[in-house]
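S.K.: Below is a structure I'd like to ask you about.
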Amino acid sequence: MQPRLRALLHNRDFDLYWLGVVCSEIGTRGTFLVNLLHVYFLTGSTLQVGFVGLFQAAALLVLSPLGGALADRVDRRRLLQAAQSVSLMASLVLAILTLADVVAAWHVYLTVLINASAATFDGPARLALIPALVPRDQLAHAFALINPSREVAVLIGGAVGGLLVAVAGPGAMYAVDAATHAVIVLVLAV
């Protein structure tokens with residue numbers, strides 16, 4: 001193993017951050033899959049399933065330019081914590097509504113809109129935070145480790161989401177998602 005990669009893997013701040021990012025991505029990706037399934041379970045309409053993507057795209061198109069601009073102007077750690085906290089609360093409310101069996105499709109659409117809005121601030125802050133966590137000579141390794149880890153989390157998240165829906169229903173995935181957001185909020189507080 002290269003000395004710089006070894007040093008990076010012994011960087012406590014980066015290791016905690018990496019763990020938080022992977023956990024959060026697993027929850028986020030699993031939840032998106034479950035959002036699609038859940039709307040179909042609630043409505044039986046593939047058209048209404050398409051609205052999940054529409055609400056996500058609307059938030060991304062409108063707010064994406066603001067996310068990067070804000071990440072350049074404010075404390076990135078606090079911005080990331082705030083975005084993750086918003087997603088935590090949205091997922092927690094959706095978990096409660098689902099587990100209480102009072103959820104409607106519009107609840108899912110609203111949380112998709114909220115989570116996608118938070119993600120527009122989360123993404124730029126995540127990337128901009130890395131240079132503050134690692135020395136300049138480890139940056140390439142840090143990005144090389146974060147990017148594929150996020151992609152693996154996408155695969156794991158989908159599998160976790162499908163498994164949780166099969167075993168316990170959509171509310172279980174939403175609760176797990178809230179917990180994964182809590183992990184990164186706590187990691188950033190350390």
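Labels for the structure tokens follow display order: chains A, B, ..., residues from 1 in each chain, ligands from 1.
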Would you mind listing, for every residue of region 159-181 of chain A within 12 Å of region 101-119 of chain A, the two atoms forming the shortest contact and the distance between them in Å to one decimal, using only C-alpha atoms, sorted by chain and ascending residue number, as CSV?

M.R.:
```
residue,atom,partner,partner_atom,distance
A:Gly169,CA,A:Asp101,CA,10.7
A:Pro170,CA,A:Asp101,CA,10.6
A:Gly171,CA,A:Asp101,CA,9.1
A:Tyr174,CA,A:Thr111,CA,10.5
A:Asp177,CA,A:Asn115,CA,11.0
A:Ala178,CA,A:Asn115,CA,11.2
A:His181,CA,A:Asn115,CA,11.0
```

S.K.: Can you work out which one of A:Ala132, A:Leu186, A:Val74, A:Leu145 has the shortest atom-to-atom distance to Val22 (chain A), counting only C-alpha atoms?

M.R.: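 Using only C-alpha atoms, Val22 (chain A) sits closest to A:Leu145.
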
S.K.: Near Val49 (chain A), counting only C-alpha atoms, which residues have an atom at most 9 Å away, once you skip same-chain residues fewer than 3 positions from it, shown as a list of chain:residue names?

M.R.: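 Surrounding residues, per the criterion: A:Asn35, A:Leu36, A:Leu37, A:His38, A:Val39, A:Tyr40, A:Thr43, A:Gly44, A:Ser45, A:Thr46, A:Val52, A:Gly53.
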
S.K.: Those same residues - C-alpha atoms - I'd like them written as a PDB file, in the first residue's frame.

M.R.:
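Output file result-v7.pdb follows:
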```pdb
ATOM      1  CA  ASN A  35     -39.934   5.875  -2.619  1.00  0.00           C
ATOM      2  CA  LEU A  36     -40.636   4.516  -6.091  1.00  0.00           C
ATOM      3  CA  LEU A  37     -41.977   1.223  -4.775  1.00  0.00           C
ATOM      4  CA  HIS A  38     -43.976   2.899  -2.043  1.00  0.00           C
ATOM      5  CA  VAL A  39     -45.792   5.241  -4.412  1.00  0.00           C
ATOM      6  CA  TYR A  40     -46.653   2.258  -6.575  1.00  0.00           C
ATOM      7  CA  THR A  43     -51.450   4.239  -5.900  1.00  0.00           C
ATOM      8  CA  GLY A  44     -51.003   1.300  -8.271  1.00  0.00           C
ATOM      9  CA  SER A  45     -50.117   3.915 -10.900  1.00  0.00           C
ATOM     10  CA  THR A  46     -46.874   3.940 -12.847  1.00  0.00           C
ATOM     11  CA  VAL A  52     -41.118  10.893  -7.722  1.00  0.00           C
ATOM     12  CA  GLY A  53     -38.484  11.611 -10.372  1.00  0.00           C
TER      13      GLY A  53
END
```

S.K.: Write out as a list in words each polymer residue whose atoms come within 7 Å of Ser24 (chain A), counting only C-alpha atoms; drop sequence neighbours fewer than 4 positions from it.

M.R.: Gly20, Thr28, Thr180, His181 and Ile184 of chain A

S.K.: Just N, CA, C and O atoms for this one: save the residues we selected as a PDB file, in the first residue's frame.

M.R.:
```
ATOM      1  N   GLY A  20     -19.224   8.278   7.464  1.00  0.00           N
ATOM      2  CA  GLY A  20     -20.486   9.018   7.433  1.00  0.00           C
ATOM      3  C   GLY A  20     -21.050   9.153   6.029  1.00  0.00           C
ATOM      4  O   GLY A  20     -22.248   8.964   5.806  1.00  0.00           O
ATOM      5  N   THR A  28     -29.694   7.042   1.611  1.00  0.00           N
ATOM      6  CA  THR A  28     -30.296   7.890   0.580  1.00  0.00           C
ATOM      7  C   THR A  28     -30.698   7.076  -0.642  1.00  0.00           C
ATOM      8  O   THR A  28     -31.818   7.219  -1.156  1.00  0.00           O
ATOM      9  N   THR A 180     -29.042   6.771   9.170  1.00  0.00           N
ATOM     10  CA  THR A 180     -27.792   7.003   8.430  1.00  0.00           C
ATOM     11  C   THR A 180     -27.476   8.491   8.329  1.00  0.00           C
ATOM     12  O   THR A 180     -26.307   8.873   8.342  1.00  0.00           O
ATOM     13  N   HIS A 181     -28.509   9.316   8.243  1.00  0.00           N
ATOM     14  CA  HIS A 181     -28.264  10.759   8.250  1.00  0.00           C
ATOM     15  C   HIS A 181     -27.753  11.192   9.627  1.00  0.00           C
ATOM     16  O   HIS A 181     -26.888  12.072   9.720  1.00  0.00           O
ATOM     17  N   ILE A 184     -23.853  10.799   9.952  1.00  0.00           N
ATOM     18  CA  ILE A 184     -22.975  11.842   9.419  1.00  0.00           C
ATOM     19  C   ILE A 184     -23.130  13.163  10.181  1.00  0.00           C
ATOM     20  O   ILE A 184     -22.171  13.895  10.379  1.00  0.00           O
TER      21      ILE A 184
END
```

S.K.: Which is closest to Phe121 (chain A) among A:Asp72, A:Glu25, A:Asp137, A:Asp15, if we use only C-alpha atoms?

M.R.: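 Nearest to Phe121 (chain A): A:Asp72.
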
S.K.: So how many Å separate CA of Ser87 (chain A) and CA of Phe143 (chain A), to one decimal?

M.R.: 23.9 Å

S.K.: Would you work out the distance separating CA of Arg77 (chain A) from CA of Val21 (chain A), expressed in Å to one decimal?

M.R.: 12.6 Å

S.K.: In terms of the shortest atom-to-atom distance over only C-alpha atoms, which of A:Ala69, A:Leu54, A:Leu33, A:Ala179 is closest to Ser85 (chain A)?

M.R.: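 Closest to Ser85 (chain A), using only C-alpha atoms: A:Ala179.
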
S.K.: Quick one, how far is CA of Tyr17 (chain A) from CA of Arg76 (chain A)?

M.R.: 12.8 Å

S.K.: For Val134 (chain A), which residue out of A:Met89, A:Val187, A:Arg12, A:Gly30 is the nearest one, using only C-alpha atoms?

M.R.: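 Between A:Met89, A:Val187, A:Arg12, A:Gly30, the residue approaching Val134 (chain A) most closely is A:Arg12.
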
S.K.: Between A:Gly123, A:Val165, A:Ala182, A:Asn147, which has the minimum distance to Pro65 (chain A) (counting only C-alpha atoms)?

M.R.: A:Gly123
